[in-house]
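J.: Sharing a structure, written as structure tokens. Questions coming.
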Amino acid sequence: DGGITQSPKYLFRKEGQNVTLSCEQNLNHDAMYWYRQDPGQGLRLIYYSQIVNDFQKGDIAEGYSVSREKKESFPLTVTSAQKNPTAFYLCASSMRRDNTEAFFGQGTRLTVV
Amino acid sequence: GESVGLHLPTLSVQEGDNSIINCAYSNSASDYFIWYKQESGKGPQFIIDIRSNMDKRQGQRVTVLLNKTVKHLSLQIAATQPGDSAVYFCAENRAAGNKLTFGGGTRVLVKP
């Protein structure tokens with residue numbers, strides 16, 4: 001089945017460690033996105049990529065990094081510079097044209113202790 | 001399951017009644033809007049979308065209304081069912097490219 005897969009579902013890391021969240025899609029979508037979700041808030045855009053080997057910062061990019069070496073994959077690294085990394089992280093993908101829906105993965109819950 | 005919002009506004013509705021969820025947006029240049037449904041511990045699911053050249057769009061049991069004059073969006077769910085219990089987000093496409101900006105969400109609780 002076509003879809004977007006995030007792994008792992010739950011992730012625990014010690015403070016000060018970098019951690020990478022996986023996002024893979026087989027929808028043949030050009031565009032991919034990472035959002036962060038905190039309790040009581042909507043989704044906030046971290047990074048997005050409209051095409052392979054290109055990506056742009058979203059609204060809250062500080063402390064995060066991404067790569068887009070393959071169309072299917074858009075991993076997100078939460079670095080030690082991110083001051084409050086514990087959150088629910090959602091990856092999405094869409095067709096590249098404007099005004100089209102984004103399809104979401106099931107999310108990764110990151111807890112930093 | 002995961003809590004997607006501990007302090008979200010909550011709409012309690014009796015099973016079988018209609019639900020209306022409201023959303024205000026701030027950017028008059030936004031030209032595309034989507035409603036998503038998010039169940040606990042899961043990613044958001046697309047419900048319905050509307051472009052700014054329309055003021056109403058209907059789907060199966062759902063209707064989205066867009067009032068550009070007051071920058072207001074609403075989602076109406078007919079004959080609300082227990083499976084409709086979730087958090088509902090509106091999202092707007094404010095700029096070129098497909099970067100969606102999300103509202104804060106509303107939790108819908110369906111009472112049997």
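Just remember, in the structure tokens the first chain shown is A, the second B, etc., residues are 1-based per chain, and ligands are 1-based in the order shown.
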Identify, on the basis of only C-alpha atoms, every residue whose closest approach to Thr77 (chain A) does not exceed 6 Å; exclude the query and any residue fewer than 6 positions from it along the same chain; express the result as a list in words.

T.: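 Counting only C-alpha atoms, the residues come to Val19, Thr20, Tyr64 and Ser65 of chain A.
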
J.: Which residues come within 7 Å of region 42-52 of chain A, counting only C-alpha atoms, excluding same-chain residues fewer than 2 positions away, as a PDB file with N, CA and C atoms, in the first residue's frame?

T.:
```
ATOM      1  N   ASP A  30       6.930  14.732  -4.414  1.00  0.00           N
ATOM      2  CA  ASP A  30       8.161  15.529  -4.437  1.00  0.00           C
ATOM      3  C   ASP A  30       8.402  16.246  -3.106  1.00  0.00           C
ATOM      4  N   ALA A  31       7.342  16.740  -2.496  1.00  0.00           N
ATOM      5  CA  ALA A  31       7.480  17.593  -1.315  1.00  0.00           C
ATOM      6  C   ALA A  31       7.320  16.790  -0.031  1.00  0.00           C
ATOM      7  N   MET A  32       8.157  17.114   0.957  1.00  0.00           N
ATOM      8  CA  MET A  32       8.071  16.486   2.273  1.00  0.00           C
ATOM      9  C   MET A  32       8.260  17.547   3.340  1.00  0.00           C
ATOM     10  N   TYR A  33       7.686  17.291   4.511  1.00  0.00           N
ATOM     11  CA  TYR A  33       7.624  18.287   5.577  1.00  0.00           C
ATOM     12  C   TYR A  33       7.842  17.620   6.944  1.00  0.00           C
ATOM     13  N   TRP A  34       8.389  18.387   7.864  1.00  0.00           N
ATOM     14  CA  TRP A  34       8.431  17.970   9.257  1.00  0.00           C
ATOM     15  C   TRP A  34       7.724  19.018  10.100  1.00  0.00           C
ATOM     16  N   TYR A  35       6.811  18.525  10.969  1.00  0.00           N
ATOM     17  CA  TYR A  35       6.100  19.377  11.911  1.00  0.00           C
ATOM     18  C   TYR A  35       6.372  18.885  13.325  1.00  0.00           C
ATOM     19  N   ARG A  36       6.278  19.828  14.233  1.00  0.00           N
ATOM     20  CA  ARG A  36       6.361  19.505  15.654  1.00  0.00           C
ATOM     21  C   ARG A  36       5.009  19.817  16.276  1.00  0.00           C
ATOM     22  N   GLN A  37       4.566  18.958  17.209  1.00  0.00           N
ATOM     23  CA  GLN A  37       3.293  19.179  17.884  1.00  0.00           C
ATOM     24  C   GLN A  37       3.501  19.078  19.385  1.00  0.00           C
ATOM     25  N   ASP A  54      17.282  19.605  -1.903  1.00  0.00           N
ATOM     26  CA  ASP A  54      16.936  20.993  -1.577  1.00  0.00           C
ATOM     27  C   ASP A  54      15.959  21.000  -0.418  1.00  0.00           C
ATOM     28  N   PHE A  55      16.154  21.899   0.534  1.00  0.00           N
ATOM     29  CA  PHE A  55      15.220  22.030   1.644  1.00  0.00           C
ATOM     30  C   PHE A  55      15.313  23.447   2.207  1.00  0.00           C
ATOM     31  N   GLN A  56      14.246  23.855   2.902  1.00  0.00           N
ATOM     32  CA  GLN A  56      14.167  25.198   3.466  1.00  0.00           C
ATOM     33  C   GLN A  56      13.726  25.126   4.916  1.00  0.00           C
ATOM     34  N   LYS A  57      14.119  26.131   5.677  1.00  0.00           N
ATOM     35  CA  LYS A  57      13.700  26.229   7.068  1.00  0.00           C
ATOM     36  C   LYS A  57      12.239  26.618   7.154  1.00  0.00           C
ATOM     37  N   GLY A  58      11.579  26.041   8.138  1.00  0.00           N
ATOM     38  CA  GLY A  58      10.223  26.452   8.449  1.00  0.00           C
ATOM     39  C   GLY A  58      10.240  27.485   9.559  1.00  0.00           C
ATOM     40  N   ASP A  59       9.204  27.467  10.388  1.00  0.00           N
ATOM     41  CA  ASP A  59       9.052  28.491  11.425  1.00  0.00           C
ATOM     42  C   ASP A  59       9.901  28.242  12.663  1.00  0.00           C
ATOM     43  N   ILE A  60      10.280  26.984  12.914  1.00  0.00           N
ATOM     44  CA  ILE A  60      11.004  26.656  14.152  1.00  0.00           C
ATOM     45  C   ILE A  60      12.173  25.734  13.855  1.00  0.00           C
ATOM     46  N   ALA A  61      13.052  26.125  12.941  1.00  0.00           N
ATOM     47  CA  ALA A  61      14.138  25.248  12.479  1.00  0.00           C
ATOM     48  C   ALA A  61      15.319  25.161  13.443  1.00  0.00           C
ATOM     49  N   ARG A  68      17.891  15.552   2.269  1.00  0.00           N
ATOM     50  CA  ARG A  68      16.958  15.003   1.278  1.00  0.00           C
ATOM     51  C   ARG A  68      17.773  14.445   0.121  1.00  0.00           C
ATOM     52  N   GLU A  69      18.417  13.336   0.397  1.00  0.00           N
ATOM     53  CA  GLU A  69      19.264  12.695  -0.611  1.00  0.00           C
ATOM     54  C   GLU A  69      18.471  11.826  -1.561  1.00  0.00           C
ATOM     55  N   LYS A  70      17.303  11.357  -1.113  1.00  0.00           N
ATOM     56  CA  LYS A  70      16.435  10.539  -1.941  1.00  0.00           C
ATOM     57  C   LYS A  70      15.023  11.098  -1.897  1.00  0.00           C
ATOM     58  N   LYS A  71      14.299  10.911  -2.956  1.00  0.00           N
ATOM     59  CA  LYS A  71      12.924  11.420  -3.026  1.00  0.00           C
ATOM     60  C   LYS A  71      12.057  10.800  -1.937  1.00  0.00           C
ATOM     61  N   ARG A  96       3.952  18.351  -5.528  1.00  0.00           N
ATOM     62  CA  ARG A  96       4.703  19.594  -5.479  1.00  0.00           C
ATOM     63  C   ARG A  96       3.853  20.805  -5.817  1.00  0.00           C
TER      64      ARG A  96
ATOM     65  N   PHE B 102      -1.072  25.660  10.610  1.00  0.00           N
ATOM     66  CA  PHE B 102      -2.168  25.035  11.341  1.00  0.00           C
ATOM     67  C   PHE B 102      -2.686  25.919  12.468  1.00  0.00           C
ATOM     68  N   GLY B 103      -4.000  25.844  12.683  1.00  0.00           N
ATOM     69  CA  GLY B 103      -4.612  26.453  13.842  1.00  0.00           C
ATOM     70  C   GLY B 103      -4.406  25.586  15.067  1.00  0.00           C
ATOM     71  N   GLY B 104      -4.935  26.054  16.197  1.00  0.00           N
ATOM     72  CA  GLY B 104      -4.680  25.388  17.463  1.00  0.00           C
ATOM     73  C   GLY B 104      -5.466  24.116  17.709  1.00  0.00           C
ATOM     74  N   GLY B 105      -6.542  23.896  16.984  1.00  0.00           N
ATOM     75  CA  GLY B 105      -7.295  22.659  17.132  1.00  0.00           C
ATOM     76  C   GLY B 105      -8.459  22.756  18.091  1.00  0.00           C
TER      77      GLY B 105
END
```

J.: If you measure from CA of Gly3 (chain A) to CA of Asn26 (chain A), what distance in Å do you get, rounded to one decimal?

T.: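 A separation of 5.8 Å between them.
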
J.: Report as a PyMOL selection string all protein, DNA and RNA residues lying within 12 Å of Arg57 (chain B), evaluated on only C-alpha atoms, omitting residues in the same chain fewer than 6 positions from it.

T.: chain B and resi 33-35+47-51+63-66+73-76

J.: Find the residue from B:Ser40, B:Gln58, B:Thr80, B:Ser85 that sits nearest to chain A; use only C-alpha atoms when measuring.

T.: B:Ser40

J.: Using only C-alpha atoms and a distance of at most 6 Å, pull out the residues of chain A that contact chain B, as a list of chain:residue names.

T.: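 Matching residues, ligands excluded from the count: A:Pro39, A:Gly40, A:Gln41, A:Gly42, A:Leu43, A:Asp98, A:Asn99, A:Phe104, A:Gly105, A:Gln106, A:Gly107.
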
J.: Generate the output file for the selected residues, N, CA and C atoms, as a compact mmCIF listing (two decimals), in the first residue's frame.

T.:
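File written: result_38.txt
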```txt
# COMPACT_ATOMS: atom_id res chain seq x y z
N PRO A 39 1.47 19.71 23.29
CA PRO A 39 0.11 19.72 23.85
C PRO A 39 -0.48 21.14 23.86
N GLY A 40 -1.72 21.25 23.44
CA GLY A 40 -2.39 22.54 23.44
C GLY A 40 -2.05 23.42 22.28
N GLN A 41 -1.26 22.94 21.36
CA GLN A 41 -0.87 23.75 20.21
C GLN A 41 -1.13 23.00 18.91
N GLY A 42 -1.18 23.75 17.85
CA GLY A 42 -1.27 23.12 16.54
C GLY A 42 0.09 22.66 16.09
N LEU A 43 0.18 22.28 14.82
CA LEU A 43 1.43 21.80 14.26
C LEU A 43 2.27 22.98 13.80
N ASP A 98 0.99 23.73 -5.93
CA ASP A 98 0.37 24.48 -4.85
C ASP A 98 -1.02 23.96 -4.54
N ASN A 99 -1.43 24.24 -3.32
CA ASN A 99 -2.81 23.97 -2.91
C ASN A 99 -3.24 22.53 -3.11
N PHE A 104 -0.03 12.66 6.12
CA PHE A 104 0.81 12.58 7.31
C PHE A 104 1.14 11.14 7.68
N GLY A 105 2.33 10.99 8.30
CA GLY A 105 2.67 9.74 8.94
C GLY A 105 2.01 9.66 10.31
N GLN A 106 2.31 8.60 11.03
CA GLN A 106 1.67 8.36 12.32
C GLN A 106 2.43 9.01 13.48
N GLY A 107 3.54 9.64 13.19
CA GLY A 107 4.22 10.40 14.23
C GLY A 107 5.25 9.61 15.02
```

J.: Using the chain letters and numbers from this document, which residues of region 5-112 of chain B does DSSP assign to strand (DSSP E), as JSON, numbers by chain?

T.: {"B": [10, 11, 12, 13, 14, 19, 20, 21, 22, 23, 24, 32, 33, 34, 35, 36, 37, 38, 45, 46, 47, 48, 49, 50, 51, 56, 57, 58, 62, 63, 64, 65, 66, 67, 72, 73, 74, 75, 76, 77, 86, 87, 88, 89, 90, 91, 92, 93, 100, 101, 102, 106, 107, 108, 109, 110, 111]}

J.: To one decimal place in Å, what is the distance between CA of Ala81 (chain A) and CA of Ser22 (chain A)?

T.: 19.3 Å

J.: Any idea what the distance is between CA of Gln82 (chain A) and CA of Gln17 (chain A)?

T.: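 Here the two named atoms are 10.2 Å from each other.
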
J.: Determine, counting only C-alpha atoms, which protein, DNA and RNA residues have an atom within 9 Å of an atom of Arg13 (chain A); residues of the same chain fewer than 6 positions away are not included. Present the result as a list in words.

T.: Val19, Leu110, Thr111, Val112 and Val113 of chain A

J.: Take the residues that were just selected and, keeping N, CA, C and O atoms, output them as a short mmCIF file (atom, residue, chain, number, x, y, z; two decimals), in the first residue's frame.

T.:
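This is the output file part18.cif:
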```cif
data_model
loop_
_atom_site.label_atom_id
_atom_site.label_comp_id
_atom_site.auth_asym_id
_atom_site.auth_seq_id
_atom_site.Cartn_x
_atom_site.Cartn_y
_atom_site.Cartn_z
N VAL A 19 19.60 12.90 17.87
CA VAL A 19 18.76 11.76 17.52
C VAL A 19 18.13 12.01 16.15
O VAL A 19 17.78 13.14 15.84
N LEU A 110 9.05 11.74 20.80
CA LEU A 110 10.41 11.82 21.31
C LEU A 110 10.37 12.33 22.74
O LEU A 110 9.76 13.37 23.03
N THR A 111 11.02 11.60 23.63
CA THR A 111 11.14 12.03 25.02
C THR A 111 12.61 12.09 25.38
O THR A 111 13.33 11.10 25.22
N VAL A 112 13.03 13.26 25.81
CA VAL A 112 14.42 13.43 26.22
C VAL A 112 14.48 13.53 27.74
O VAL A 112 13.77 14.32 28.35
N VAL A 113 15.32 12.68 28.32
CA VAL A 113 15.38 12.63 29.78
C VAL A 113 16.76 13.07 30.28
O VAL A 113 17.72 13.14 29.52
#
```

J.: I need the residue nearest Arg61 (chain B) from this list: B:Val110, B:Ala86, B:Ala29, B:Ile20. Use only C-alpha atoms for the distance.

T.: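 Going through B:Val110, B:Ala86, B:Ala29, B:Ile20 one by one, the smallest distance to Arg61 (chain B) is for B:Ile20.
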
J.: Counting only C-alpha atoms, which of B:Val70, B:Leu11, B:Ala24, B:Met54 gets nearest to Asp84 (chain B)?

T.: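 Counting only C-alpha atoms, the residue closest to Asp84 (chain B) is B:Leu11.
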